[in-house]
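Scroll down for the structure; my scribbles are underneath it.
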Amino acid sequence: MIQLYIPLNFFGVIYREIKQNLTDLDKMFTLMDREREVADAPGAEPLVLSHGSSPALRFEDVHFAYEADRPILRGVSFEIPAGKTVAVVGPSGAGKSTLARLLFRFYDIQQGRITIAGQALQSVTQASVREALGIVPQDTVLFNDTVAYNIAYGRPGATQQEVEQAARAAHIHDFIASTPKGYDTMVGERGLKLSGGEKQRVAIARTLLKNPPILVFDEATSALDSANERAIQAELRSVARGKTTLVIAHRLSTVVDAHQILVMDGGRIVERGTHAELLAAGGRYAQMWALQQNSGQKPV
Ligand code: ATP
């Protein structure tokens with residue numbers, strides 16, 4: 001998997017960081033040349049959320065294409081009730097990660113509506129939307145800076161104590177403490193290289209520190225060893241408790257506990273329900289589940 005380390009002062013780093021984690025890197029670099037950022041509507045107001053509670057999130061008949069003649073989403077509708085978790089599964093290219101990119105409003109949709117707490121994304125400021133969202137991406141970008149900086153990036157200005165608390169909750173504190181320089185250890189291309197699991201834990205710690213009302217987990221496609229994976233899943237579950245959460249899942253084991261599972265194929269939701277309901281229905285999900293049981297934990 002490609003790892004990317006970018007200097008801190010790189011222009012537009014925040015925007016790119018999120019985007020890089022949501023899309024294939026090669027594709028993105030080609031895109032960046034010709035892409036303009038989606039602009040705020042004239043007079044757009046910040047998203048209004050009631051303090052301390054997570055909002056409901058809705059996709060209403062969303063149609064979307066990256067390129068005019070190639071529809072990617074063909075009328076996608078679903079709701080994540082406030083504080084609940086919805087997981088999306090389906091074959092590669094079905095459009096799962098596209099849902100997350102649209103939620104961050106990296107692109108505007110061609111038809112339909114995406115709303116957070118009843119407010120259409122296109123009518124509120126992008127900055128306020130991104131403020132409300134936290135992502136634990138497939139492949140976390142680390143800066144050439146200290147571990148402490150990399151965690152505090154979730155909330156600039158966080159104290160050392162808060163950083164440590166987040167690291168403990170993400171179960172990365174002991175590892176950090178075992179390095180000679182602890183939280184001052186440099187990571188990135190000129191520093192300590194972290195494993196996939198360690199990087200994900202840094203991302204979880206960042207997200208814990210940011211404490212956003214809406215979470216997106218874009219599950220890693222590259223398999224971690226199963227003990228590590230189980231531990232990370234448990235940590236993700238505890239971060240997600242009570243928050244409106246969208247899980248882009250590549251392994252079915254991750255989605256069993258979701259309040260609702262959406263099965264996507266060819267840009268449409270072809271099945272939806274809980275794990276038990278979908279197994280009982282004996283359709284696509286049940287087939288995928290049976291296949292995965294037979295072949296170990298193969299990505300879907
Ligand atoms: P995977 O499980 O492999 O991550 P996915 O279901 O998340 O797949 P998406 O990443 O949403 O799929 O992609 C859906 C389709 O959109 C794919 O055919 C993909 O090639 C195409 N696509 C994704 N990003 C872009 C882009 N930036 N420009 C053009 N097409 C894109």
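Ligands are numbered from 1 in the order shown, chains are lettered A, B, ... in the order of the structure tokens, and residues start at 1 in each chain.
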Neighbourhood of ligand 1 at 6 Å, counting only C-alpha atoms and all ligand atoms, reported as a list in words
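Written in the requested form, the residues are Tyr66, Ile72, Pro91, Ser92, Gly93, Ala94, Gly95, Lys96, Ser97 and Thr98 of chain A.
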Prev. selection, C-alpha atoms, output as a compact mmCIF listing (two decimals), in the first residue's frame:
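So the final result, stored in selection.txt, reads:
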# COMPACT_ATOMS: atom_id res chain seq x y z
CA TYR A 66 -17.49 11.62 -11.83
CA ILE A 72 -21.69 5.85 -10.51
CA PRO A 91 -18.17 -5.56 -4.66
CA SER A 92 -15.24 -3.38 -5.62
CA GLY A 93 -16.36 -0.41 -7.71
CA ALA A 94 -19.96 -0.54 -6.41
CA GLY A 95 -19.70 3.08 -5.25
CA LYS A 96 -19.16 2.61 -1.50
CA SER A 97 -16.30 5.06 -1.01
CA THR A 98 -18.05 7.50 -3.32
Skip Val88 in chain A itself and residues of its chain fewer than 3 positions away, then list as a PyMOL selection string all residues within 9 Å of it, counting only C-alpha atoms.
chain A and resi 96+246-250+255+260-264
Residue set, range 70-290 of chain A restricted to strand (DSSP E or B), as an NGL selection string
:A and (70-80 or 85-89 or 111-116 or 119-120 or 124 or 133-136 or 142-143 or 146 or 186-187 or 192 or 214-218 or 244-248 or 260-265 or 268-273)
Restricting to only C-alpha atoms, whichever of A:Thr85, A:Thr207, A:Thr140, A:Thr245 is closest to Ala170 in chain A is A:Thr207
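When CA of Trp289 in chain A is paired with CA of Ala276 in chain A, their separation reads 11.2 Å.
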Quick one: DSSP alpha helix (DSSP H) residues in range 74-127 of chain A, as number ranges by chain?
A: 96-103, 126-127
Output for the residues just chosen: N, CA and C atoms as a PDB file, in the first residue's frame:
ATOM      1  N   LYS A  96     -19.126   2.461  -2.961  1.00  0.00           N
ATOM      2  CA  LYS A  96     -19.158   2.612  -1.499  1.00  0.00           C
ATOM      3  C   LYS A  96     -18.368   3.850  -1.041  1.00  0.00           C
ATOM      4  N   SER A  97     -17.111   3.926  -1.469  1.00  0.00           N
ATOM      5  CA  SER A  97     -16.296   5.060  -1.010  1.00  0.00           C
ATOM      6  C   SER A  97     -16.802   6.366  -1.586  1.00  0.00           C
ATOM      7  N   THR A  98     -17.471   6.292  -2.720  1.00  0.00           N
ATOM      8  CA  THR A  98     -18.047   7.499  -3.319  1.00  0.00           C
ATOM      9  C   THR A  98     -19.038   8.137  -2.350  1.00  0.00           C
ATOM     10  N   LEU A  99     -19.788   7.332  -1.602  1.00  0.00           N
ATOM     11  CA  LEU A  99     -20.748   7.878  -0.630  1.00  0.00           C
ATOM     12  C   LEU A  99     -20.012   8.779   0.366  1.00  0.00           C
ATOM     13  N   ALA A 100     -18.848   8.302   0.826  1.00  0.00           N
ATOM     14  CA  ALA A 100     -18.085   9.081   1.806  1.00  0.00           C
ATOM     15  C   ALA A 100     -17.552  10.361   1.164  1.00  0.00           C
ATOM     16  N   ARG A 101     -17.070  10.260  -0.066  1.00  0.00           N
ATOM     17  CA  ARG A 101     -16.546  11.469  -0.732  1.00  0.00           C
ATOM     18  C   ARG A 101     -17.637  12.510  -0.916  1.00  0.00           C
ATOM     19  N   LEU A 102     -18.855  12.051  -1.181  1.00  0.00           N
ATOM     20  CA  LEU A 102     -19.960  13.000  -1.381  1.00  0.00           C
ATOM     21  C   LEU A 102     -20.382  13.617  -0.057  1.00  0.00           C
ATOM     22  N   LEU A 103     -20.286  12.829   0.990  1.00  0.00           N
ATOM     23  CA  LEU A 103     -20.613  13.333   2.313  1.00  0.00           C
ATOM     24  C   LEU A 103     -19.656  14.469   2.699  1.00  0.00           C
ATOM     25  N   GLN A 126     -18.904  24.375   3.402  1.00  0.00           N
ATOM     26  CA  GLN A 126     -18.132  23.132   3.429  1.00  0.00           C
ATOM     27  C   GLN A 126     -17.308  23.022   4.704  1.00  0.00           C
ATOM     28  N   ALA A 127     -16.780  24.155   5.145  1.00  0.00           N
ATOM     29  CA  ALA A 127     -15.937  24.128   6.338  1.00  0.00           C
ATOM     30  C   ALA A 127     -16.729  23.578   7.525  1.00  0.00           C
TER      31      ALA A 127
END
Name the closest residue to Gly266 in chain A among the candidates A:Val202, A:Leu73, A:Val216, A:Ile109; distances are taken between atoms, counting only C-alpha atoms.
A:Leu73
Who sits within 9 Å of range 145-152 of chain A, only C-alpha atoms, same chain under 5 positions skipped, as a ChimeraX atom specification
/A:7-8,157-160,162-164,166-167,176,182-188,191,202-207,209-210
Need to verify the contact set: Pro212 in chain A, 10 Å, only C-alpha atoms, exclusion of same-chain residues closer than 6 positions in sequence. Can you return it as a PyMOL selection string?
chain A and resi 52-54+130-135+154+243-244
Please write the residues from the selection above to a file, keeping N, CA and C atoms, as a PDB file, in the first residue's frame.
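Final file, again.pdb:
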ATOM      1  N   GLY A  52     -23.842  18.650  21.507  1.00  0.00           N
ATOM      2  CA  GLY A  52     -23.718  17.418  22.273  1.00  0.00           C
ATOM      3  C   GLY A  52     -24.509  16.241  21.734  1.00  0.00           C
ATOM      4  N   SER A  53     -25.229  16.420  20.605  1.00  0.00           N
ATOM      5  CA  SER A  53     -25.929  15.253  20.075  1.00  0.00           C
ATOM      6  C   SER A  53     -25.539  15.052  18.611  1.00  0.00           C
ATOM      7  N   SER A  54     -25.632  13.798  18.159  1.00  0.00           N
ATOM      8  CA  SER A  54     -25.260  13.495  16.780  1.00  0.00           C
ATOM      9  C   SER A  54     -26.483  13.632  15.883  1.00  0.00           C
ATOM     10  N   ARG A 130     -17.202  19.749   7.162  1.00  0.00           N
ATOM     11  CA  ARG A 130     -15.981  18.972   7.464  1.00  0.00           C
ATOM     12  C   ARG A 130     -15.626  19.016   8.945  1.00  0.00           C
ATOM     13  N   GLU A 131     -15.999  20.097   9.572  1.00  0.00           N
ATOM     14  CA  GLU A 131     -15.821  20.226  11.020  1.00  0.00           C
ATOM     15  C   GLU A 131     -16.649  19.168  11.766  1.00  0.00           C
ATOM     16  N   ALA A 132     -17.827  18.878  11.216  1.00  0.00           N
ATOM     17  CA  ALA A 132     -18.749  17.952  11.893  1.00  0.00           C
ATOM     18  C   ALA A 132     -18.406  16.493  11.634  1.00  0.00           C
ATOM     19  N   LEU A 133     -17.507  16.265  10.673  1.00  0.00           N
ATOM     20  CA  LEU A 133     -17.201  14.891  10.269  1.00  0.00           C
ATOM     21  C   LEU A 133     -15.821  14.479  10.739  1.00  0.00           C
ATOM     22  N   GLY A 134     -15.698  13.223  11.121  1.00  0.00           N
ATOM     23  CA  GLY A 134     -14.381  12.673  11.423  1.00  0.00           C
ATOM     24  C   GLY A 134     -14.215  11.415  10.611  1.00  0.00           C
ATOM     25  N   ILE A 135     -13.037  11.224  10.063  1.00  0.00           N
ATOM     26  CA  ILE A 135     -12.843  10.002   9.285  1.00  0.00           C
ATOM     27  C   ILE A 135     -11.670   9.203   9.819  1.00  0.00           C
ATOM     28  N   GLY A 154      -5.840  16.184  15.179  1.00  0.00           N
ATOM     29  CA  GLY A 154      -7.297  16.042  15.287  1.00  0.00           C
ATOM     30  C   GLY A 154      -7.936  17.273  15.921  1.00  0.00           C
ATOM     31  N   LYS A 243     -22.623   7.884  18.156  1.00  0.00           N
ATOM     32  CA  LYS A 243     -22.380   8.838  17.071  1.00  0.00           C
ATOM     33  C   LYS A 243     -22.971   8.324  15.772  1.00  0.00           C
ATOM     34  N   THR A 244     -23.419   9.224  14.941  1.00  0.00           N
ATOM     35  CA  THR A 244     -23.933   8.852  13.625  1.00  0.00           C
ATOM     36  C   THR A 244     -22.738   8.367  12.798  1.00  0.00           C
TER      37      THR A 244
END
Return the single residue from A:Leu121, A:Leu57, A:Leu194, A:Val136 that is closest to Val86 in chain A, with distances computed using only C-alpha atoms.
A:Leu57
My list of candidates is A:Ser77, A:Asn228, A:Ser123, A:Ser238. Which is closest to Ile172 in chain A when distances are computed with only C-alpha atoms?
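Residue with the minimum atom-to-atom distance to Ile172 in chain A: A:Asn228.
Residue nearest Ala68 in chain A, chosen from A:Gln138, A:Gln110, A:Ser50, A:Ser178 and counting only C-alpha atoms: A:Gln110.
Here CA of Pro55 in chain A is placed at a distance of 5.0 Å from CA of Ala117 in chain A.
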